[in-house]
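Read the structure below first, then the notes.
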Amino acid sequence: MPELPEVETVRLGLAPVMEGAVIDEATLRRPDLRWPFPQRFAKRLTGRRIVALGRRAKYLLADLDDGEILVMHLGMSGSFRIEADGGQKIAGRYYHPRSTLGAHDHVVFDLSSGVRVIFNDPRRFGMMDLVSRREMEDSRHFKGMGIEPLGNELSGETIAALFKGRSAPLKAMLLDQKRIAGIGNIYACEAMWRAKLRPTLPAGQLATGRTTPARAQRLADAIRDVLNDAIAAGGSSLRDHRQATGELGMFQHSFAVYDREGEPCPRPHCKGVIRRMVQSGRSTFYCPVCQR
DNA sequence: AAGCGAACCTGGCTGC
DNA sequence: TGCAGCCAGGTTCGCT
């Protein structure tokens, strides 16, 4: 379940039980996810205290007390769930007692607090890796990664600079993690709708104009707003996916265009009907009337 | 270099 | 009911 808002929601759910906890035991129930686990993975995690749980784009980062970072990606279908020894209330929240592990429960972290964190990923496009903190920026996952859309770098000027001279469609540019990192198919569609921009627009055209190009500014605002709104709603729960706490995200009810082909455009006074097209192999949902 | 499409997997839904 | 076909929130690889 993973674009930036869903990963941030997962982080917020896991942080109260993981931060400060020691990993008593890490269990790998298969040798790989998308890629093999790193050498001696379970052993290197055992006994480590999790200092902090952070996020970069769609990656979760567990800062360990030996200077390594546990890097985790949810892929398309990854999720975490939390169980507590005998059922427990922690920081005001109740967690279900331990249950039997299921078919796609690939990684289990047993924490010193009695909490168990389970990573489940049917399609196995997720990944876990260990990188040293000092080499993280240069590691293969993060080298060349684009700006953080909720950070200070995102602005109309930045977008204009990032897209300048590019002929690829706007939609493709938004999905390019080497420019802006963390936006996926849903929020690309939603941001373009909010900014009233056509998905096929050659991205470089956002960079034209003497002062700050108005369209680039609208897009920057739309990206920031839609991501913040989604985080506030606990992310989007498609196909019944859950947050780490077991709750459902709610932002799918606020989609303007995503998966709404044939429905009326929700913009006031717009008479458009949402359409679906395919761009670089993925569905794009948009309003042909108000997105230009 | 940039921009596509395919590949990696499994499961759920649709339509015949 | 059964089965084929299509689709899915991501990333990487390989080909023009």
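Ligands are numbered from 1 in the order shown, residues from 1 within each chain, and chains are lettered A, B, ... in the order they appear in the structure tokens.
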- Could you please write out, as JSON, numbers by chain, every residue of segment 116-256 of chain A that DSSP assigns to helix (DSSP H, G or I)? {"A": [133, 134, 135, 136, 137, 138, 156, 157, 158, 159, 160, 161, 162, 163, 170, 171, 172, 173, 174, 175, 185, 186, 187, 188, 189, 190, 191, 192, 193, 194, 203, 204, 205, 206, 207, 214, 215, 216, 217, 218, 219, 220, 221, 222, 223, 224, 225, 226, 227, 228, 229, 230, 231, 232, 251, 252, 253, 254]}
- Task: Pick out the residues sitting within 10 Å of segment 4-16 of chain C, and hand them over as JSON, numbers by chain; count only C-alpha atoms (C1' of nucleotides), and ignore anything fewer than 2 positions along from it in its own chain.
- Result: {"A": [1, 2, 3, 4, 6, 34, 58, 73, 74, 75, 76, 77, 125, 126, 175, 177, 184, 185, 186, 187, 236, 237, 238, 239, 282, 283], "B": [3, 4, 5, 6, 7, 8, 11, 12, 13, 14, 15, 16], "C": [2]}
- Query: In terms of the shortest atom-to-atom distance over only C-alpha atoms (C1' of nucleotides), which of A:Val51, A:Ala256, A:Ala42, A:Ala181 is closest to chain C?
  - Reply: A:Ala181
- Task: From a DSSP calculation on the backbone, collect every residue of segment 139-288 of chain A in strand (DSSP E) and output the set as a VMD selection string.
- Result: chain A and resid 275 to 279 282 to 286
